[in-house]
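K.L.:
Contents are TSV, C-alpha atoms; file name data.tsv:
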```tsv
chain	number	residue	atom	x	y	z
A	1	MET	CA	19.60	-5.39	38.77
A	2	LYS	CA	19.42	-8.00	36.03
A	3	ARG	CA	20.93	-7.35	32.65
A	4	TYR	CA	19.73	-8.84	29.37
A	5	ARG	CA	22.36	-11.57	29.41
A	6	ASP	CA	21.22	-12.59	32.90
A	7	ILE	CA	17.66	-13.36	31.75
A	8	ALA	CA	16.97	-16.85	30.49
A	9	GLY	CA	14.61	-17.18	27.54
A	10	ASP	CA	12.20	-14.26	27.27
A	11	GLY	CA	12.19	-13.50	30.98
A	12	GLY	CA	8.65	-14.74	31.39
A	13	SER	CA	7.20	-12.13	29.03
A	14	ASN	CA	5.84	-14.72	26.61
A	15	ILE	CA	6.80	-12.38	23.76
A	16	ALA	CA	7.79	-15.23	21.44
A	17	ALA	CA	4.34	-16.84	21.76
A	18	GLN	CA	2.61	-13.49	21.19
A	19	VAL	CA	4.61	-12.81	18.04
A	20	GLU	CA	3.93	-16.31	16.73
A	21	ASP	CA	0.22	-15.90	17.41
A	22	GLN	CA	0.15	-12.62	15.49
A	23	ARG	CA	2.01	-14.19	12.57
A	24	ALA	CA	-0.55	-16.98	12.47
A	25	ARG	CA	-3.40	-14.43	12.44
A	26	LEU	CA	-1.71	-12.47	9.66
A	27	ALA	CA	-1.34	-15.60	7.53
A	28	GLN	CA	-4.99	-16.42	8.18
A	29	ARG	CA	-6.20	-12.92	7.18
A	30	LEU	CA	-4.20	-13.02	3.94
A	31	ARG	CA	-5.13	-16.59	3.08
A	32	ASP	CA	-7.90	-15.55	0.69
A	33	VAL	CA	-6.06	-12.54	-0.79
A	34	ARG	CA	-4.66	-13.57	-4.15
A	35	HIS	CA	-2.27	-10.67	-4.79
A	36	LEU	CA	-0.49	-8.13	-2.59
A	37	VAL	CA	0.34	-4.99	-4.61
A	38	ALA	CA	2.53	-2.30	-3.04
A	39	VAL	CA	2.50	1.16	-4.63
A	40	VAL	CA	5.79	2.91	-3.87
A	41	SER	CA	7.84	5.89	-4.91
A	42	GLY	CA	10.38	6.81	-2.27
A	43	LYS	CA	9.61	10.46	-3.10
A	44	GLY	CA	6.71	12.36	-1.58
A	45	GLY	CA	4.42	14.60	-3.60
A	46	VAL	CA	4.12	12.39	-6.68
A	47	GLY	CA	0.39	11.68	-6.28
A	48	LYS	CA	1.03	8.08	-5.29
A	49	SER	CA	-2.03	7.81	-3.03
A	50	SER	CA	-4.34	9.19	-5.73
A	51	LEU	CA	-2.90	6.70	-8.19
A	52	CYS	CA	-3.30	3.92	-5.62
A	53	GLY	CA	-6.98	4.77	-5.13
A	54	GLY	CA	-7.51	5.09	-8.87
A	55	LEU	CA	-6.05	1.65	-9.60
A	56	ALA	CA	-8.10	0.04	-6.82
A	57	SER	CA	-11.28	1.64	-8.17
A	58	CYS	CA	-10.45	0.59	-11.75
A	59	TRP	CA	-10.03	-3.02	-10.65
A	60	ALA	CA	-13.31	-2.87	-8.75
A	61	LEU	CA	-15.03	-1.59	-11.90
A	62	GLN	CA	-13.46	-4.47	-13.82
A	63	GLY	CA	-14.99	-6.98	-11.41
A	64	TRP	CA	-12.14	-7.63	-8.98
A	65	ARG	CA	-12.64	-7.70	-5.22
A	66	VAL	CA	-10.19	-5.14	-3.86
A	67	GLY	CA	-8.94	-3.78	-0.56
A	68	VAL	CA	-6.64	-0.84	0.20
A	69	LEU	CA	-4.37	-0.53	3.24
A	70	ASP	CA	-2.89	2.91	3.96
A	71	ILE	CA	0.58	2.21	5.38
A	72	ASP	CA	1.42	5.92	5.66
A	73	LEU	CA	0.70	6.00	9.40
A	74	ALA	CA	1.88	9.55	10.09
A	75	GLY	CA	0.27	11.13	7.02
A	76	PRO	CA	-2.70	8.92	6.11
A	77	SER	CA	-4.85	10.08	3.19
A	78	MET	CA	-6.53	7.02	1.67
A	79	ALA	CA	-9.69	7.25	3.82
A	80	LYS	CA	-10.23	10.80	2.50
A	81	ILE	CA	-9.39	9.92	-1.10
A	82	MET	CA	-11.66	6.86	-1.08
A	83	GLY	CA	-14.58	8.70	0.56
A	84	VAL	CA	-14.79	6.68	3.81
A	85	ARG	CA	-13.30	9.21	6.19
A	86	GLY	CA	-15.33	9.39	9.41
A	87	ALA	CA	-16.75	5.90	8.97
A	88	ARG	CA	-17.32	3.99	12.21
A	89	LEU	CA	-15.28	0.82	12.54
A	90	ALA	CA	-17.05	-2.34	13.66
A	91	MET	CA	-15.65	-5.50	15.24
A	92	GLN	CA	-16.65	-9.02	14.35
A	93	SER	CA	-15.07	-12.24	15.64
A	94	GLY	CA	-12.07	-10.32	16.95
A	95	ALA	CA	-11.36	-8.49	13.69
A	96	VAL	CA	-11.99	-4.98	12.38
A	97	ILE	CA	-14.53	-4.75	9.56
A	98	PRO	CA	-13.14	-2.15	7.10
A	99	PRO	CA	-15.53	0.37	5.55
A	100	GLU	CA	-16.27	0.06	1.84
A	101	THR	CA	-16.47	2.59	-0.97
A	102	PRO	CA	-19.51	2.75	-3.29
A	103	LEU	CA	-17.59	0.42	-5.62
A	104	GLY	CA	-17.04	-2.08	-2.81
A	105	VAL	CA	-13.34	-1.36	-2.17
A	106	LYS	CA	-12.44	-2.14	1.44
A	107	VAL	CA	-10.30	0.56	3.07
A	108	MET	CA	-8.23	0.57	6.26
A	109	SER	CA	-6.21	3.57	7.42
A	110	MET	CA	-4.78	5.09	10.59
A	111	ASP	CA	-6.96	8.10	9.76
A	112	LEU	CA	-10.00	6.04	10.79
A	113	LEU	CA	-8.52	5.63	14.30
A	114	LEU	CA	-7.36	9.19	15.06
A	115	PRO	CA	-9.88	11.19	17.13
A	116	SER	CA	-9.63	14.49	15.23
A	117	ASP	CA	-8.03	16.33	12.32
A	118	ALA	CA	-5.59	18.00	14.70
A	119	THR	CA	-4.38	14.78	16.32
A	120	PRO	CA	-0.96	13.68	15.07
A	121	LEU	CA	0.37	10.17	15.43
A	122	ARG	CA	2.75	10.29	18.39
A	123	TRP	CA	5.49	7.73	18.98
A	124	ALA	CA	6.45	7.51	22.66
A	125	ALA	CA	9.96	6.56	23.80
A	126	PRO	CA	11.65	6.43	27.24
A	127	THR	CA	14.32	8.88	26.05
A	128	GLN	CA	14.73	11.10	22.99
A	129	GLU	CA	17.83	9.12	22.00
A	130	GLU	CA	15.68	5.99	21.71
A	131	ALA	CA	12.86	7.69	19.80
A	132	HIS	CA	14.12	6.87	16.28
A	133	THR	CA	14.49	3.12	16.93
A	134	TRP	CA	11.23	3.02	18.88
A	135	ARG	CA	9.34	4.71	16.07
A	136	GLY	CA	10.66	2.25	13.50
A	137	THR	CA	9.83	-0.78	15.64
A	138	THR	CA	6.39	0.54	16.57
A	139	GLU	CA	5.59	1.41	12.95
A	140	ALA	CA	6.41	-2.14	11.83
A	141	ASN	CA	4.25	-3.56	14.63
A	142	ALA	CA	1.36	-1.26	13.67
A	143	VAL	CA	1.50	-2.39	10.03
A	144	ARG	CA	1.55	-6.01	11.16
A	145	GLU	CA	-1.53	-5.38	13.32
A	146	PHE	CA	-3.39	-3.69	10.46
A	147	LEU	CA	-2.75	-6.73	8.28
A	148	ALA	CA	-3.49	-9.29	11.01
A	149	ASP	CA	-6.48	-7.67	12.69
A	150	THR	CA	-8.50	-6.49	9.65
A	151	ALA	CA	-11.11	-8.83	8.18
A	152	TRP	CA	-10.02	-8.51	4.54
A	153	GLY	CA	-12.04	-11.49	3.42
A	154	ASP	CA	-11.93	-12.83	-0.11
A	155	LEU	CA	-9.94	-10.41	-2.31
A	156	ASP	CA	-8.32	-10.56	-5.71
A	157	ALA	CA	-5.91	-7.80	-4.69
A	158	LEU	CA	-4.93	-5.90	-1.55
A	159	VAL	CA	-3.33	-2.60	-2.57
A	160	LEU	CA	-0.75	-1.25	-0.10
A	161	ASP	CA	-0.12	2.50	-0.17
A	162	LEU	CA	3.40	2.98	1.20
A	163	PRO	CA	4.76	6.27	2.59
A	164	PRO	CA	7.85	7.99	1.15
A	165	GLY	CA	11.19	6.41	1.97
A	166	THR	CA	13.28	3.65	0.43
A	167	ASP	CA	13.18	1.45	3.56
A	168	ARG	CA	9.40	0.99	3.93
A	169	LEU	CA	9.07	-1.71	1.28
A	170	SER	CA	11.79	-3.89	2.81
A	171	THR	CA	9.97	-3.66	6.16
A	172	LEU	CA	6.72	-4.76	4.51
A	173	VAL	CA	8.36	-7.63	2.63
A	174	ALA	CA	9.85	-8.87	5.91
A	175	LEU	CA	6.44	-8.75	7.62
A	176	VAL	CA	4.34	-10.77	5.18
A	177	PRO	CA	4.83	-14.46	4.38
A	178	ARG	CA	3.91	-13.85	0.75
A	179	PRO	CA	5.43	-12.34	-2.41
A	180	VAL	CA	4.73	-8.61	-2.79
A	181	SER	CA	4.24	-7.24	-6.30
A	182	THR	CA	5.40	-3.65	-6.55
A	183	LEU	CA	4.34	-0.72	-8.72
A	184	VAL	CA	6.73	2.25	-8.79
A	185	VAL	CA	5.52	5.84	-9.32
A	186	THR	CA	7.45	8.90	-10.47
A	187	ILE	CA	6.73	12.32	-11.98
A	188	PRO	CA	8.57	14.23	-14.75
A	189	SER	CA	11.21	15.64	-12.41
A	190	GLU	CA	14.95	14.98	-12.10
A	191	ILE	CA	14.71	15.05	-8.29
A	192	SER	CA	11.85	12.56	-8.29
A	193	GLN	CA	13.62	10.21	-10.67
A	194	LEU	CA	16.82	10.36	-8.61
A	195	VAL	CA	14.96	9.17	-5.50
A	196	VAL	CA	12.80	6.69	-7.43
A	197	ARG	CA	15.88	5.11	-9.00
A	198	ARG	CA	17.14	4.38	-5.48
A	199	SER	CA	13.72	3.00	-4.54
A	200	ILE	CA	13.86	0.59	-7.47
A	201	THR	CA	17.25	-0.68	-6.29
A	202	ALA	CA	15.93	-1.04	-2.74
A	203	ALA	CA	12.88	-2.96	-4.02
A	204	GLN	CA	15.12	-5.31	-5.98
A	205	ASP	CA	17.32	-5.84	-2.93
A	206	ALA	CA	14.23	-6.60	-0.82
A	207	GLY	CA	13.17	-9.33	-3.23
A	208	ALA	CA	9.91	-7.62	-4.27
A	209	ARG	CA	8.38	-8.53	-7.63
A	210	LEU	CA	8.50	-5.35	-9.72
A	211	LEU	CA	5.50	-4.83	-11.99
A	212	GLY	CA	6.75	-1.68	-13.67
A	213	LEU	CA	6.97	2.11	-13.58
A	214	VAL	CA	4.18	4.69	-13.93
A	215	GLU	CA	4.71	8.39	-14.65
A	216	ASN	CA	2.10	10.45	-12.82
A	217	MET	CA	1.25	14.13	-13.44
A	218	ALA	CA	2.61	13.82	-16.97
A	219	ASP	CA	2.84	17.09	-18.94
A	220	LEU	CA	2.49	19.20	-15.79
A	221	PHE	CA	5.98	20.54	-16.43
A	222	PRO	CA	8.87	19.57	-18.71
A	223	GLY	CA	11.19	16.94	-17.33
A	224	PRO	CA	13.20	13.81	-18.14
A	225	ASP	CA	11.49	10.93	-19.88
A	226	ALA	CA	10.35	8.32	-17.36
A	227	ARG	CA	10.44	5.70	-20.11
A	228	ALA	CA	14.24	6.01	-20.14
A	229	LEU	CA	14.32	5.51	-16.36
A	230	ALA	CA	12.26	2.34	-16.71
A	231	GLN	CA	14.42	0.98	-19.51
A	232	GLY	CA	17.60	1.74	-17.56
A	233	ALA	CA	16.24	-0.18	-14.56
A	234	GLY	CA	14.99	-3.07	-16.69
A	235	LEU	CA	11.33	-2.41	-15.82
A	236	PRO	CA	8.24	-2.30	-18.02
A	237	PHE	CA	7.02	1.24	-18.59
A	238	LEU	CA	3.30	1.00	-17.83
A	239	GLY	CA	2.23	4.44	-19.02
A	240	ARG	CA	1.67	8.08	-18.17
A	241	VAL	CA	-1.25	9.59	-16.25
A	242	PRO	CA	-1.73	13.22	-17.39
A	243	PHE	CA	-2.16	15.89	-14.75
A	244	ASP	CA	-5.88	16.50	-14.31
A	245	ARG	CA	-7.37	19.06	-11.92
A	246	ALA	CA	-10.58	17.02	-11.83
A	247	LEU	CA	-8.67	14.06	-10.41
A	248	ALA	CA	-7.20	16.23	-7.65
A	249	ALA	CA	-10.63	17.72	-6.91
A	250	ALA	CA	-12.17	14.23	-6.68
A	251	ALA	CA	-9.52	13.20	-4.14
A	252	ASP	CA	-10.19	16.34	-2.04
A	253	GLU	CA	-13.93	15.67	-2.09
A	254	GLY	CA	-13.67	11.93	-1.44
A	255	ARG	CA	-15.24	11.02	-4.77
A	256	VAL	CA	-14.18	8.13	-6.97
A	257	PHE	CA	-12.71	9.89	-10.01
A	258	ILE	CA	-12.77	6.81	-12.19
A	259	ALA	CA	-16.51	6.29	-11.58
A	260	GLY	CA	-17.31	9.60	-13.25
A	261	PRO	CA	-17.01	10.50	-16.94
A	262	LEU	CA	-14.33	8.31	-18.50
A	263	GLU	CA	-13.60	10.48	-21.53
A	264	SER	CA	-10.71	12.34	-19.91
A	265	PRO	CA	-7.13	11.31	-20.83
A	266	ALA	CA	-6.35	10.72	-17.13
A	267	ALA	CA	-9.28	8.34	-16.68
A	268	ARG	CA	-8.40	6.44	-19.83
A	269	ALA	CA	-4.76	6.21	-18.75
A	270	LEU	CA	-5.71	4.86	-15.31
A	271	LEU	CA	-7.97	2.22	-16.85
A	272	ASP	CA	-5.27	1.20	-19.33
A	273	ILE	CA	-2.57	0.90	-16.63
A	274	ALA	CA	-4.95	-1.01	-14.36
A	275	SER	CA	-5.72	-3.45	-17.18
A	276	ARG	CA	-2.05	-3.98	-17.98
A	277	VAL	CA	-1.15	-4.64	-14.35
A	278	ARG	CA	-4.13	-6.94	-13.88
A	279	THR	CA	-3.12	-8.97	-16.94
A	280	ASP	CA	0.40	-9.24	-15.53
A	281	LEU	CA	-0.85	-10.34	-12.11
A	282	GLU	CA	-3.23	-12.91	-13.58
A	283	GLY	CA	-0.35	-14.39	-15.54
A	284	ARG	CA	1.78	-14.80	-12.43
A	285	PRO	CA	1.60	-17.76	-10.02
A	286	VAL	CA	-1.38	-17.42	-7.70
A	287	THR	CA	-0.19	-16.53	-4.20
A	288	ALA	CA	-3.31	-17.62	-2.33
A	289	PRO	CA	-5.95	-20.33	-2.83
A	290	ARG	CA	-8.38	-19.70	-5.66
A	291	ARG	CA	-12.02	-19.24	-4.76
A	292	ASP	CA	-12.90	-22.30	-6.81
A	293	GLY	CA	-10.64	-24.43	-4.64
A	294	ALA	CA	-8.21	-25.19	-7.47
A	295	GLY	CA	-5.23	-24.32	-5.28
A	296	GLU	CA	-2.07	-22.67	-6.48
A	297	ALA	CA	-1.21	-22.43	-10.14
```
What's the structure tokens form of this structure?

P.N.:
Amino acid sequence: MKRYRDIAGDGGSNIAAQVEDQRARLAQRLRDVRHLVAVVSGKGGVGKSSLCGGLASCWALQGWRVGVLDIDLAGPSMAKIMGVRGARLAMQSGAVIPPETPLGVKVMSMDLLLPSDATPLRWAAPTQEEAHTWRGTTEANAVREFLADTAWGDLDALVLDLPPGTDRLSTLVALVPRPVSTLVVTIPSEISQLVVRRSITAAQDAGARLLGLVENMADLFPGPDARALAQGAGLPFLGRVPFDRALAAAADEGRVFIAGPLESPAARALLDIASRVRTDLEGRPVTAPRRDGAGEA
């Protein structure tokens, strides 16, 4: 029986060529995407996915071409929130054509690939002892495939909805050959801020470009001031989104909350935060060719 050290090269598996081919496809898919924006928290239950969908919809209303990739593979929710759940996926020229919301936001999610509501995402491993490593490796490969095999087209921003955990962003940063701008989300809770503080450190260690901190579900219950957390971490505080039952109901029903009446404090806060982040992104170096062919700034 041969051992790893007995095998020359890749043992005839051609793995190196396959990985290089996928990297080339990924770079090609992202060529016309100007900004990659990851929305992270580290803590679950902070309404990060709703905020992610709200920002994407705000940018679409403001005239940007936007896509959303749901990187929460085990608990995907963006297809439901964005109103495209159940959409049939089409293939064209070897790539998946993502469904679009009424505002034209392109959405890709593992939820669009699972056969039923009761079907969980299962990670297979030869032994239980290997399951943890296998899951991590397979998850990274799945994210790479979503990025490389989806026809994103010409976008101003691709919004990446990351699952809870401080390690997910570093995995993403290692996968893409481009800078990743990162928006951090917390709620008025000591537990949330404890985890989010660690996520900020992990994002800095990963080399991500931090856009700032958003407090979601503001005024739902008393808690520490998120502005102080942002100042302590050296981040811009981008604003607070008040808790709004109508926003939660819109997510449950797959409606675009921001496309409805804009008089509510939550809608105004989302639009203001989206405008601030967009201004920041437009002032940064362009990370993909401009549509007018001007190249990088």

K.L.:
Find the residues of stretch 200-220 of chain A that sit at most 6 Å from stretch 174-190 of chain A; for each, write down the nearest two atoms and how far apart they are in Å, to one decimal. Count all atoms listed in the file. Sort by chain, then by number going up, and give it as a Markdown table.

P.N.:
```
| residue | atom | partner | partner_atom | distance |
| --- | --- | --- | --- | --- |
| A:Ala208 | CA | A:Val180 | CA | 5.5 |
| A:Arg209 | CA | A:Ser181 | CA | 4.5 |
| A:Leu210 | CA | A:Thr182 | CA | 4.7 |
| A:Leu211 | CA | A:Leu183 | CA | 5.4 |
| A:Gly212 | CA | A:Leu183 | CA | 5.6 |
| A:Leu213 | CA | A:Val184 | CA | 4.8 |
| A:Val214 | CA | A:Val185 | CA | 4.9 |
| A:Glu215 | CA | A:Thr186 | CA | 5.0 |
| A:Asn216 | CA | A:Ile187 | CA | 5.1 |
| A:Met217 | CA | A:Ile187 | CA | 6.0 |
```

K.L.:
Given the choices A:Arg227, A:Arg278, A:Ser50, A:Glu139, which gets closest to A:Leu36 if the distance is worked out from only C-alpha atoms?

P.N.:
A:Arg278

K.L.:
Which is closer to A:Ala233 than all the others in A:Leu281, A:Ala202, A:Ile97, A:Val46, using all atoms listed in the file?

P.N.:
A:Ala202

K.L.:
Residues within 12 Å of stretch 89-94 of chain A, please, as a ChimeraX atom specification. Count only C-alpha atoms; anything in the same chain fewer than 4 positions from it doesn't count.

P.N.:
/A:25,29,84-85,98-100,106-114,148-152

K.L.:
Find the spatial neighbours of A:Ala157, counting only C-alpha atoms, within a cut-off of 10 Å - ignore same-chain residues fewer than 6 positions away - and output them as a PyMOL selection string.

P.N.:
chain A and resi 32-37+56+59-60+64-68+278+281

K.L.:
Could you please determine the separation between atom CA of A:Ala250 and atom CA of A:Lys80 in Å, to one decimal place?

P.N.:
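Going from atom CA of A:Ala250 over to atom CA of A:Lys80, I get 10.0 Å.
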
K.L.:
Set the distance at 9 Å and use only C-alpha atoms: which residues neighbour A:Val241 once local chain neighbours fewer than 4 positions away are removed? I'd like the list as a CSV table (one decimal) with C-alpha atoms, in the frame of the given file.

P.N.:
```
chain,number,residue,atom,x,y,z
A,51,LEU,CA,-2.9,6.7,-8.2
A,214,VAL,CA,4.2,4.7,-13.9
A,215,GLU,CA,4.7,8.4,-14.6
A,216,ASN,CA,2.1,10.4,-12.8
A,217,MET,CA,1.2,14.1,-13.4
A,218,ALA,CA,2.6,13.8,-17.0
A,219,ASP,CA,2.8,17.1,-18.9
A,265,PRO,CA,-7.1,11.3,-20.8
A,266,ALA,CA,-6.4,10.7,-17.1
A,267,ALA,CA,-9.3,8.3,-16.7
A,268,ARG,CA,-8.4,6.4,-19.8
A,269,ALA,CA,-4.8,6.2,-18.8
A,270,LEU,CA,-5.7,4.9,-15.3
A,273,ILE,CA,-2.6,0.9,-16.6
```

K.L.:
Provide the atom CA of A:Leu103 to atom CA of A:Asp72 distance in Å, to one decimal place.

P.N.:
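For atom CA of A:Leu103 relative to atom CA of A:Asp72, the distance reads 22.8 Å.
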
K.L.:
Check the smallest atom-to-atom distance from each of A:Gly283, A:Gly53, A:Pro115, A:Pro163 to A:Thr101 using all atoms listed in the file, then report the winner.

P.N.:
A:Gly53

K.L.:
When you draw a straight line from atom CA of A:Ala38 to atom CA of A:Ala226, how long is it in Å?

P.N.:
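Atom-to-atom, atom CA of A:Ala38 and atom CA of A:Ala226 are spaced 19.5 Å apart.
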
K.L.:
Counting all atoms listed in the file, find residues at most 10 Å from (12.3, 5.0, 1.9) (file frame) and give them as a compact mmCIF listing (two decimals) with C-alpha atoms, in the coordinates of the input.

P.N.:
```txt
# COMPACT_ATOMS: atom_id res chain seq x y z
CA VAL A 40 5.79 2.91 -3.87
CA SER A 41 7.84 5.89 -4.91
CA GLY A 42 10.38 6.81 -2.27
CA LYS A 43 9.61 10.46 -3.10
CA GLY A 44 6.71 12.36 -1.58
CA LEU A 162 3.40 2.98 1.20
CA PRO A 163 4.76 6.27 2.59
CA PRO A 164 7.85 7.99 1.15
CA GLY A 165 11.19 6.41 1.97
CA THR A 166 13.28 3.65 0.43
CA ASP A 167 13.18 1.45 3.56
CA ARG A 168 9.40 0.99 3.93
CA LEU A 169 9.07 -1.71 1.28
CA SER A 170 11.79 -3.89 2.81
CA THR A 171 9.97 -3.66 6.16
CA VAL A 195 14.96 9.17 -5.50
CA VAL A 196 12.80 6.69 -7.43
CA ARG A 198 17.14 4.38 -5.48
CA SER A 199 13.72 3.00 -4.54
CA ALA A 202 15.93 -1.04 -2.74
CA ALA A 203 12.88 -2.96 -4.02
```

K.L.:
For a quick check of understanding, using only C-alpha atoms, which of A:Arg23, A:Arg31, A:Lys48, A:Arg245 has the smallest distance to A:Leu158?

P.N.:
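Of A:Arg23, A:Arg31, A:Lys48, A:Arg245, the one nearest A:Leu158, counting only C-alpha atoms, is A:Arg31.
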